[in-house]
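Beneath this line is the structure, given in structure tokens, with notes to follow.
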Amino acid sequence: MDLGISGKKAIICASSRGLGKACAHDLAKEGVEIVINGVNEENLKKTEEEFLSKGFKVTSVLGAMEDSSTRSALLEACPDPDILINNSGGPPPGNFFDWTEEDFLSAIKSNFTQSALLMQAVIPKMKEKNFGRIINITSAMVKNPHLIMGLSTSARSGLHGLSKALSREVAQFNITINNVLPERIDTDRQTQILNFQAKLADSTYEEAKKELEETLTAKRMGTVEEFSGICTFLCSEQAAYISGQNISVDGGNSTNLI
């Protein structure tokens, strides 16, 4: 299927590894010019070189998305993106009664504010072009909250609310905004969570992973490619009538009807 996005330009945040990298790779395969980002210079350079070796058109910007200078650099590298994929590492799991005001504010800055400000920056030019695709990679914890992930759930839920309201304002300009909610995709993030759960249960990582997978409907974790394919389709011409949605990529694990 020709997705109709060859020659478009995309900013993909936090894309030197994991879900962001997979999304950047899929978009580049479709002929999209990509700008990637990461906080680890070695990882970012390695990913850029890998993409260049495949003939992809790629530029990289080093820095944390929480820093305004990083966002400015991304927009300088790509002033008028057709596609924006907001992505960020989630706050660590923890105990609600241990979290401080600083912890909550940091979560909001990382998982809400930076994405809101980038949407604010790119939408005006998307309107001029009558085309825009915005995807926020959030978390299944928004639909299925667990208290140990409360920092992530709180901040990302706010982004969902803003995105839904904003999607209704920009739909007439062929701009879509969707949230894609991963759960138990095999990434470094899941390794971090499983290590935390293993520590709580006084067990090993391998035991925690096996125990987790037995609880999953698919009896396995998902792959980054299974996630990125959904994001890439949502960036397509064919997905122009899908907007304001919260799309779970969880192997059917959720028991929610909606």
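Every chain in the structure tokens has a letter given in the order shown (A, B, ...), and although residue numbers restart at 1 in each chain, ligands are simply numbered from 1 in the order shown.
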Do a neighbour search on range 179-194 of chain A at 9 Å with only C-alpha atoms, toss out local chain neighbours closer than 5 positions, and write the hits as a VMD selection string. chain A and resid 17 to 19 89 to 90 92 to 93 134 to 143 159 to 160 163 199 205 to 206 208 to 209 212 to 213 216 220 to 224 226 to 227 230 to 231 243 to 251 253
Write out as a VMD selection string all residues of range 19-166 of chain A that backbone DSSP assigns to alpha helix (DSSP H). chain A and resid 19 to 29 41 to 53 68 to 77 101 to 108 114 to 129 150 to 166
To one decimal in Å, tell me the separation between CA of Lys219 in chain A and CA of Ser254 in chain A.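 Answer for the CA of Lys219 in chain A to CA of Ser254 in chain A separation: 13.4 Å.
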What gap, in Å, lies between CA of Val39 in chain A and CA of Asn195 in chain A?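 For CA of Val39 in chain A relative to CA of Asn195 in chain A, the distance reads 22.3 Å.
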I need the residues in range 13-158 of chain A that are strand (DSSP E or B) according to DSSP; give them as a list of chain:residue names.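 Restricting range 13-158 of chain A to strand (DSSP E or B) produces A:Glu33, A:Ile34, A:Val35, A:Ile36, A:Asn37, A:Gly38, A:Val58, A:Thr59, A:Ser60, A:Val61, A:Leu62, A:Ile83, A:Leu84, A:Ile85, A:Asn86, A:Gly132, A:Arg133, A:Ile134, A:Ile135, A:Asn136, A:Ile137.
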